[in-house]
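This is final00.json. It holds JSON, C-alpha atoms.
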[["chain", "number", "residue", "atom", "x", "y", "z"],
["A", 1, "MET", "CA", 165.18, 240.00, 102.34],
["A", 2, "LYS", "CA", 165.42, 237.55, 105.26],
["A", 3, "VAL", "CA", 162.66, 239.42, 107.08],
["A", 4, "LEU", "CA", 160.41, 239.19, 104.00],
["A", 5, "LYS", "CA", 160.99, 235.44, 103.77],
["A", 6, "LYS", "CA", 160.11, 235.02, 107.42],
["A", 7, "ILE", "CA", 156.91, 237.02, 106.94],
["A", 8, "ILE", "CA", 155.94, 234.89, 103.93],
["A", 9, "ILE", "CA", 156.60, 231.67, 105.89],
["A", 10, "ILE", "CA", 154.51, 232.93, 108.80],
["A", 11, "ILE", "CA", 151.64, 233.86, 106.44],
["A", 12, "LEU", "CA", 151.77, 230.43, 104.82],
["A", 13, "ILE", "CA", 151.75, 228.68, 108.20],
["A", 14, "VAL", "CA", 148.81, 230.78, 109.38],
["A", 15, "ALA", "CA", 146.93, 230.06, 106.14],
["A", 16, "LEU", "CA", 147.62, 226.32, 106.49],
["A", 17, "LEU", "CA", 146.44, 226.27, 110.11],
["A", 18, "ALA", "CA", 143.34, 228.27, 109.17],
["A", 19, "GLY", "CA", 142.60, 225.80, 106.37],
["A", 20, "ILE", "CA", 142.99, 222.85, 108.73],
["A", 21, "TYR", "CA", 140.69, 224.50, 111.26],
["A", 22, "VAL", "CA", 138.02, 225.30, 108.65],
["A", 23, "GLY", "CA", 138.27, 221.77, 107.26],
["A", 24, "TYR", "CA", 137.87, 220.27, 110.72],
["A", 25, "ARG", "CA", 134.84, 222.46, 111.39],
["A", 26, "LEU", "CA", 133.19, 221.49, 108.10],
["A", 27, "ILE", "CA", 133.82, 217.77, 108.62],
["A", 28, "ASN", "CA", 132.48, 217.95, 112.16],
["A", 29, "GLU", "CA", 129.36, 219.85, 111.06],
["A", 30, "GLY", "CA", 128.82, 217.44, 108.19],
["A", 31, "TYR", "CA", 129.13, 214.43, 110.46],
["A", 32, "ASN", "CA", 126.65, 215.96, 112.91],
["A", 33, "MET", "CA", 124.19, 216.58, 110.06],
["A", 34, "TYR", "CA", 124.52, 212.92, 109.01],
["A", 35, "ARG", "CA", 124.19, 211.65, 112.60],
["A", 36, "ILE", "CA", 121.06, 213.71, 113.32],
["A", 37, "ALA", "CA", 119.46, 212.60, 110.05],
["A", 38, "ILE", "CA", 120.07, 208.91, 110.66],
["A", 39, "GLU", "CA", 118.94, 209.13, 114.30],
["A", 40, "GLU", "CA", 115.65, 210.73, 113.23],
["A", 41, "GLU", "CA", 115.04, 207.92, 110.72],
["A", 42, "PRO", "CA", 117.45, 204.95, 110.66],
["A", 43, "LEU", "CA", 118.66, 203.85, 107.23],
["A", 44, "ASN", "CA", 116.88, 200.47, 107.29],
["A", 45, "GLU", "CA", 113.56, 202.20, 107.97],
["A", 46, "LYS", "CA", 114.16, 204.72, 105.18],
["A", 47, "VAL", "CA", 114.96, 201.90, 102.74],
["A", 48, "LYS", "CA", 111.85, 199.99, 103.79],
["A", 49, "GLU", "CA", 109.77, 203.13, 103.18],
["A", 50, "ILE", "CA", 111.23, 203.51, 99.67],
["A", 51, "ARG", "CA", 110.62, 199.86, 98.81],
["A", 52, "ASN", "CA", 107.01, 200.13, 99.93],
["A", 53, "LYS", "CA", 106.26, 202.75, 97.27],
["A", 54, "GLU", "CA", 103.26, 201.84, 95.15],
["A", 55, "ASN", "CA", 105.25, 202.02, 91.89],
["A", 56, "TYR", "CA", 108.59, 200.80, 93.18],
["A", 57, "THR", "CA", 110.58, 199.55, 90.17],
["A", 58, "LYS", "CA", 112.93, 196.56, 90.42],
["A", 59, "LEU", "CA", 116.07, 196.27, 88.32],
["A", 60, "GLU", "CA", 114.81, 193.15, 86.54],
["A", 61, "GLU", "CA", 111.88, 195.18, 85.19],
["A", 62, "LEU", "CA", 114.24, 197.53, 83.35],
["A", 63, "PRO", "CA", 115.89, 197.19, 79.92],
["A", 64, "LYS", "CA", 119.66, 196.75, 80.12],
["A", 65, "ILE", "CA", 120.23, 199.74, 77.86],
["A", 66, "TYR", "CA", 118.38, 201.97, 80.33],
["A", 67, "ILE", "CA", 120.58, 200.84, 83.22],
["A", 68, "ASP", "CA", 123.69, 201.27, 81.05],
["A", 69, "ALA", "CA", 122.56, 204.79, 80.11],
["A", 70, "VAL", "CA", 122.09, 205.75, 83.76],
["A", 71, "LEU", "CA", 125.48, 204.40, 84.78],
["A", 72, "ALA", "CA", 127.23, 206.06, 81.82],
["A", 73, "VAL", "CA", 125.87, 209.52, 82.47],
["A", 74, "GLU", "CA", 125.62, 209.52, 86.27],
["A", 75, "ASP", "CA", 128.42, 207.33, 87.64],
["A", 76, "HIS", "CA", 130.38, 205.15, 85.22],
["A", 77, "ARG", "CA", 132.74, 203.97, 87.99],
["A", 78, "PHE", "CA", 129.79, 202.91, 90.17],
["A", 79, "TYR", "CA", 130.97, 199.29, 90.50],
["A", 80, "GLU", "CA", 134.56, 200.33, 91.19],
["A", 81, "HIS", "CA", 134.23, 202.79, 94.09],
["A", 82, "ASN", "CA", 132.97, 202.39, 97.66],
["A", 83, "GLY", "CA", 130.43, 205.20, 97.48],
["A", 84, "ILE", "CA", 132.93, 208.02, 96.99],
["A", 85, "ASP", "CA", 134.61, 208.65, 93.63],
["A", 86, "ILE", "CA", 137.85, 210.49, 94.39],
["A", 87, "ILE", "CA", 138.54, 211.08, 90.68],
["A", 88, "SER", "CA", 135.17, 212.76, 90.12],
["A", 89, "ILE", "CA", 135.51, 214.82, 93.29],
["A", 90, "GLY", "CA", 138.95, 216.04, 92.21],
["A", 91, "ARG", "CA", 137.65, 216.99, 88.77],
["A", 92, "ALA", "CA", 134.68, 218.80, 90.33],
["A", 93, "ILE", "CA", 136.93, 220.76, 92.72],
["A", 94, "ILE", "CA", 139.10, 221.93, 89.81],
["A", 95, "LYS", "CA", 136.02, 223.03, 87.86],
["A", 96, "ASP", "CA", 134.57, 224.83, 90.91],
["A", 97, "ILE", "CA", 137.86, 226.68, 91.42],
["A", 98, "GLN", "CA", 137.97, 227.68, 87.76],
["A", 99, "VAL", "CA", 134.54, 229.32, 87.89],
["A", 100, "MET", "CA", 134.93, 230.44, 91.52],
["A", 101, "GLN", "CA", 131.64, 228.93, 92.64],
["A", 102, "PHE", "CA", 130.18, 225.61, 93.78],
["A", 103, "VAL", "CA", 128.74, 224.33, 90.50],
["A", 104, "GLU", "CA", 129.78, 220.68, 90.42],
["A", 105, "GLY", "CA", 129.99, 218.23, 93.29],
["A", 106, "GLY", "CA", 131.25, 214.97, 91.80],
["A", 107, "SER", "CA", 128.48, 213.03, 93.53],
["A", 108, "THR", "CA", 128.23, 209.29, 93.01],
["A", 109, "ILE", "CA", 124.91, 207.47, 92.64],
["A", 110, "THR", "CA", 125.22, 206.47, 96.30],
["A", 111, "GLN", "CA", 125.70, 210.07, 97.39],
["A", 112, "GLN", "CA", 122.73, 211.14, 95.29],
["A", 113, "ILE", "CA", 120.50, 208.72, 97.19],
["A", 114, "ALA", "CA", 121.65, 210.35, 100.43],
["A", 115, "LYS", "CA", 120.84, 213.78, 99.01],
["A", 116, "ASN", "CA", 117.47, 212.69, 97.62],
["A", 117, "VAL", "CA", 116.13, 211.00, 100.74],
["A", 118, "TYR", "CA", 117.89, 212.65, 103.68],
["A", 119, "PHE", "CA", 119.22, 216.07, 102.75],
["A", 120, "THR", "CA", 118.32, 219.13, 100.70],
["A", 121, "GLN", "CA", 119.40, 220.00, 97.14],
["A", 122, "GLU", "CA", 121.22, 223.08, 98.46],
["A", 123, "LYS", "CA", 124.84, 223.23, 97.32],
["A", 124, "ARG", "CA", 126.67, 223.56, 100.64],
["A", 125, "MET", "CA", 129.95, 221.94, 101.64],
["A", 126, "THR", "CA", 128.49, 220.77, 104.96],
["A", 127, "ARG", "CA", 125.74, 218.90, 103.15],
["A", 128, "LYS", "CA", 128.24, 217.34, 100.75],
["A", 129, "ILE", "CA", 130.24, 216.03, 103.70],
["A", 130, "ALA", "CA", 127.07, 214.64, 105.31],
["A", 131, "GLU", "CA", 126.40, 212.87, 101.99],
["A", 132, "VAL", "CA", 129.79, 211.19, 102.18],
["A", 133, "PHE", "CA", 129.05, 209.72, 105.62],
["A", 134, "MET", "CA", 125.61, 208.56, 104.50],
["A", 135, "ALA", "CA", 127.03, 207.06, 101.30],
["A", 136, "ARG", "CA", 129.51, 205.01, 103.32],
["A", 137, "GLU", "CA", 126.63, 203.75, 105.48],
["A", 138, "LEU", "CA", 124.69, 202.72, 102.38],
["A", 139, "GLU", "CA", 127.65, 200.92, 100.83],
["A", 140, "LYS", "CA", 128.34, 199.11, 104.09],
["A", 141, "ASN", "CA", 124.81, 197.74, 104.39],
["A", 142, "TYR", "CA", 123.58, 197.22, 100.83],
["A", 143, "SER", "CA", 124.85, 195.62, 97.62],
["A", 144, "LYS", "CA", 125.58, 197.65, 94.49],
["A", 145, "GLU", "CA", 122.44, 196.29, 92.82],
["A", 146, "GLU", "CA", 120.32, 197.27, 95.82],
["A", 147, "ILE", "CA", 121.85, 200.76, 95.85],
["A", 148, "LEU", "CA", 121.26, 201.25, 92.13],
["A", 149, "GLU", "CA", 117.66, 200.12, 92.52],
["A", 150, "LEU", "CA", 117.14, 202.54, 95.40],
["A", 151, "TYR", "CA", 118.58, 205.37, 93.31],
["A", 152, "LEU", "CA", 116.18, 204.69, 90.45],
["A", 153, "ASN", "CA", 113.30, 204.85, 92.91],
["A", 154, "THR", "CA", 114.33, 208.08, 94.62],
["A", 155, "SER", "CA", 115.18, 210.21, 91.57],
["A", 156, "TYR", "CA", 112.74, 212.84, 90.36],
["A", 157, "PHE", "CA", 111.79, 212.54, 86.68],
["A", 158, "GLY", "CA", 109.59, 215.63, 86.46],
["A", 159, "ASP", "CA", 105.80, 215.91, 86.08],
["A", 160, "GLY", "CA", 105.31, 214.33, 89.51],
["A", 161, "TYR", "CA", 107.09, 211.05, 88.67],
["A", 162, "TYR", "CA", 109.42, 209.62, 91.33],
["A", 163, "THR", "CA", 110.08, 206.13, 89.99],
["A", 164, "VAL", "CA", 111.05, 204.75, 86.59],
["A", 165, "LYS", "CA", 107.72, 202.92, 86.37],
["A", 166, "GLU", "CA", 105.79, 206.16, 86.85],
["A", 167, "ALA", "CA", 107.96, 208.06, 84.36],
["A", 168, "SER", "CA", 107.75, 205.35, 81.70],
["A", 169, "ARG", "CA", 103.99, 205.22, 81.98],
["A", 170, "GLY", "CA", 103.61, 209.00, 82.15],
["A", 171, "TYR", "CA", 105.92, 210.00, 79.29],
["A", 172, "PHE", "CA", 105.59, 207.03, 76.94],
["A", 173, "ASN", "CA", 102.42, 205.24, 78.08],
["A", 174, "LYS", "CA", 104.44, 202.03, 78.36],
["A", 175, "LYS", "CA", 105.58, 199.50, 80.94],
["A", 176, "THR", "CA", 109.27, 199.83, 81.72],
["A", 177, "ASN", "CA", 110.22, 196.67, 79.82],
["A", 178, "GLU", "CA", 108.38, 197.97, 76.75],
["A", 179, "MET", "CA", 110.47, 201.13, 76.36],
["A", 180, "THR", "CA", 112.46, 201.44, 73.14],
["A", 181, "ASP", "CA", 116.20, 202.10, 73.18],
["A", 182, "TYR", "CA", 115.43, 205.69, 72.14],
["A", 183, "GLU", "CA", 113.05, 206.17, 75.09],
["A", 184, "CYS", "CA", 115.46, 204.52, 77.54],
["A", 185, "ILE", "CA", 118.28, 206.89, 76.64],
["A", 186, "MET", "CA", 115.99, 209.91, 76.87],
["A", 187, "LEU", "CA", 114.57, 208.88, 80.25],
["A", 188, "ALA", "CA", 118.05, 208.33, 81.71],
["A", 189, "GLY", "CA", 118.91, 211.99, 81.16],
["A", 190, "ILE", "CA", 115.87, 213.61, 82.75],
["A", 191, "PRO", "CA", 116.75, 213.46, 86.51],
["A", 192, "ASN", "CA", 119.75, 215.75, 85.96],
["A", 193, "ALA", "CA", 117.33, 218.68, 85.60],
["A", 194, "PRO", "CA", 113.68, 217.52, 85.35],
["A", 195, "SER", "CA", 112.21, 220.99, 84.94],
["A", 196, "ILE", "CA", 114.41, 221.50, 81.88],
["A", 197, "TYR", "CA", 114.73, 218.05, 80.32],
["A", 198, "ALA", "CA", 111.23, 216.64, 80.76],
["A", 199, "PRO", "CA", 110.00, 215.98, 77.18],
["A", 200, "THR", "CA", 106.64, 217.52, 78.04],
["A", 201, "LYS", "CA", 108.38, 220.78, 78.99],
["A", 202, "ASN", "CA", 111.15, 221.22, 76.44],
["A", 203, "PRO", "CA", 111.19, 218.55, 73.70],
["A", 204, "GLU", "CA", 114.28, 219.99, 71.99],
["A", 205, "LEU", "CA", 116.27, 220.30, 75.23],
["A", 206, "ALA", "CA", 115.20, 216.75, 76.12],
["A", 207, "LYS", "CA", 116.71, 215.58, 72.82],
["A", 208, "GLN", "CA", 119.90, 217.54, 73.46],
["A", 209, "ARG", "CA", 120.23, 215.89, 76.85],
["A", 210, "GLN", "CA", 119.48, 212.52, 75.25],
["A", 211, "ARG", "CA", 122.42, 213.09, 72.90],
["A", 212, "GLN", "CA", 124.65, 213.89, 75.91],
["A", 213, "VAL", "CA", 123.65, 210.60, 77.53],
["A", 214, "ALA", "CA", 124.29, 208.73, 74.28],
["A", 215, "ASN", "CA", 127.73, 210.34, 73.95],
["A", 216, "ALA", "CA", 128.56, 209.28, 77.52],
["A", 217, "MET", "CA", 127.53, 205.73, 76.68],
["A", 218, "VAL", "CA", 129.88, 205.70, 73.71],
["A", 219, "LYS", "CA", 132.71, 207.30, 75.69],
["A", 220, "HIS", "CA", 132.54, 204.72, 78.46],
["A", 221, "GLY", "CA", 132.08, 201.72, 76.20],
["A", 222, "TYR", "CA", 128.45, 200.83, 76.81],
["A", 223, "ILE", "CA", 127.49, 201.17, 73.16],
["A", 224, "THR", "CA", 129.12, 201.99, 69.80],
["A", 225, "GLN", "CA", 128.72, 205.22, 67.86],
["A", 226, "GLU", "CA", 127.12, 203.28, 65.02],
["A", 227, "GLU", "CA", 124.50, 201.85, 67.38],
["A", 228, "VAL", "CA", 123.77, 205.29, 68.83],
["A", 229, "ASP", "CA", 123.38, 206.85, 65.39],
["A", 230, "LYS", "CA", 120.97, 204.11, 64.37],
["A", 231, "ILE", "CA", 118.88, 204.53, 67.54],
["A", 232, "LEU", "CA", 118.65, 208.31, 67.35],
["A", 233, "ILE", "CA", 118.40, 208.85, 63.61],
["A", 234, "ASN", "CA", 115.65, 206.24, 63.18],
["A", 235, "ASN", "CA", 113.50, 208.14, 65.68],
["A", 236, "GLU", "CA", 113.95, 211.69, 64.43]]

Would you mind writing the structure in this file as structure tokens?
Amino acid sequence: MKVLKKIIIIILIVALLAGIYVGYRLINEGYNMYRIAIEEEPLNEKVKEIRNKENYTKLEELPKIYIDAVLAVEDHRFYEHNGIDIISIGRAIIKDIQVMQFVEGGSTITQQIAKNVYFTQEKRMTRKIAEVFMARELEKNYSKEEILELYLNTSYFGDGYYTVKEASRGYFNKKTNEMTDYECIMLAGIPNAPSIYAPTKNPELAKQRQRQVANAMVKHGYITQEEVDKILINNE
């Protein structure tokens, strides 16, 4: 019995050391990915490039309900964290373990900017770690409002639209400040999966996603259920 206990302890120690080694390797590789990316194009130059887009959209051009919808569905603790949301990451890890694959990453809006402008969409742990380093760099150098604005101008909305201004004009033939509450909530849900949720591709799936966004807004206190029902029902 004593021998068995010793064997179990040795196995646990070996597993712990292996985990530490793998973790160190992943962090080191992720940091190197971040460092190479930022050396090839420094963050200030990348931001300047984004802001020079022809249809760059400023926050003041957007309806409040659109911004609220984005925050509710993408990162409702955006103004509380420093680029990394430990709660969301923990929840994502549990979900990934449950399904035994990397399906959810718990990325904040800041991390998504890093992914959109510096890294690939491939779901790899090394890339996720590189995102973390880049997110910290963004949070250190830019305000929350600047980061949110950058996010809205680096997200893909489908049909070749890469800014809110382009998407609003393309899908609704309107300026951003002319969008209805219904259109704002729909548009906020598209970047999650543009090929699926673009209203020109799958109108019914776009509406289902719109309902998910609306539910998130209610859940996190951006809007009441009565207001959501009025917005959605009046447009069906």

I'd like to know which of A:Met186, A:Ile27, A:Arg127, A:Gly160 is closest to Glu204 in chain A, using all atoms listed in the file. A:Met186

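Candidate residues A:Ile231, A:Thr176, A:Glu146, A:Tyr171 were compared for distance to Pro203 in chain A, and the nearest is A:Tyr171, using all atoms listed in the file.
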
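Shell of range 38-43 of chain A at 9 Å, with all atoms listed in the file counted and residues fewer than 4 places along the chain excluded, is Met33, Tyr34, Val47, Lys48, Tyr118, Met134, Glu137 and Leu138 of chain A.
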
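Put simply, CA of Ile50 in chain A is 28.0 Å away from CA of Ile86 in chain A.
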
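You will find CA of Tyr197 in chain A at 23.8 Å from CA of Lys58 in chain A.
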
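Distance check against Thr180 in chain A using only C-alpha atoms: of A:Ser168, A:Ala216, A:Glu80, A:Thr110, the minimum falls on A:Ser168.
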
Give the centre and edge lengths of an axis-aligned box, in Å to one decimal, that holds all listed atoms of range 67-75 of chain A with 8 Å on each side, as AutoDock Vina command-line options.
--center_x 124.5 --center_y 205.2 --center_z 83.9 --size_x 23.8 --size_y 24.7 --size_z 23.5

Point out the residue among A:Leu148, A:Phe133, A:Glu226, A:Tyr182 with the least atom-to-atom distance to Arg211 in chain A, counting all atoms listed in the file. A:Tyr182

I want to know what sits within 9 Å of range 188-195 of chain A, based on all atoms listed in the file, with residues of the same chain fewer than 6 positions away left out; could you give that as a PDB file with C-alpha atoms, keeping the file's coordinate frame?
ATOM      1  CA  TYR A  66     118.380 201.970  80.330  1.00  0.00           C
ATOM      2  CA  ILE A  67     120.580 200.840  83.220  1.00  0.00           C
ATOM      3  CA  ALA A  69     122.560 204.790  80.110  1.00  0.00           C
ATOM      4  CA  VAL A  70     122.090 205.750  83.760  1.00  0.00           C
ATOM      5  CA  LEU A  71     125.480 204.400  84.780  1.00  0.00           C
ATOM      6  CA  VAL A  73     125.870 209.520  82.470  1.00  0.00           C
ATOM      7  CA  GLU A  74     125.620 209.520  86.270  1.00  0.00           C
ATOM      8  CA  SER A 155     115.180 210.210  91.570  1.00  0.00           C
ATOM      9  CA  TYR A 156     112.740 212.840  90.360  1.00  0.00           C
ATOM     10  CA  PHE A 157     111.790 212.540  86.680  1.00  0.00           C
ATOM     11  CA  GLY A 158     109.590 215.630  86.460  1.00  0.00           C
ATOM     12  CA  ASP A 159     105.800 215.910  86.080  1.00  0.00           C
ATOM     13  CA  LYS A 201     108.380 220.780  78.990  1.00  0.00           C
ATOM     14  CA  ASN A 202     111.150 221.220  76.440  1.00  0.00           C
ATOM     15  CA  ALA A 206     115.200 216.750  76.120  1.00  0.00           C
ATOM     16  CA  ARG A 209     120.230 215.890  76.850  1.00  0.00           C
ATOM     17  CA  GLN A 210     119.480 212.520  75.250  1.00  0.00           C
ATOM     18  CA  GLN A 212     124.650 213.890  75.910  1.00  0.00           C
ATOM     19  CA  VAL A 213     123.650 210.600  77.530  1.00  0.00           C
TER      20      VAL A 213
END

Work out how far CA of Lys128 in chain A is from CA of Gly30 in chain A, in Å to one decimal. 7.5 Å

Using only C-alpha atoms, tabulate the residues of range 130-167 of chain A lying at most 9 Å from any atom of range 172-175 of chain A, each with its closest atom pair and that distance in Å to one decimal, by chain and increasing residue number, as JSON lines.
{"residue": "A:Lys165", "atom": "CA", "partner": "A:Lys175", "partner_atom": "CA", "distance": 6.8}
{"residue": "A:Glu166", "atom": "CA", "partner": "A:Lys175", "partner_atom": "CA", "distance": 8.9}
{"residue": "A:Ala167", "atom": "CA", "partner": "A:Phe172", "partner_atom": "CA", "distance": 7.9}
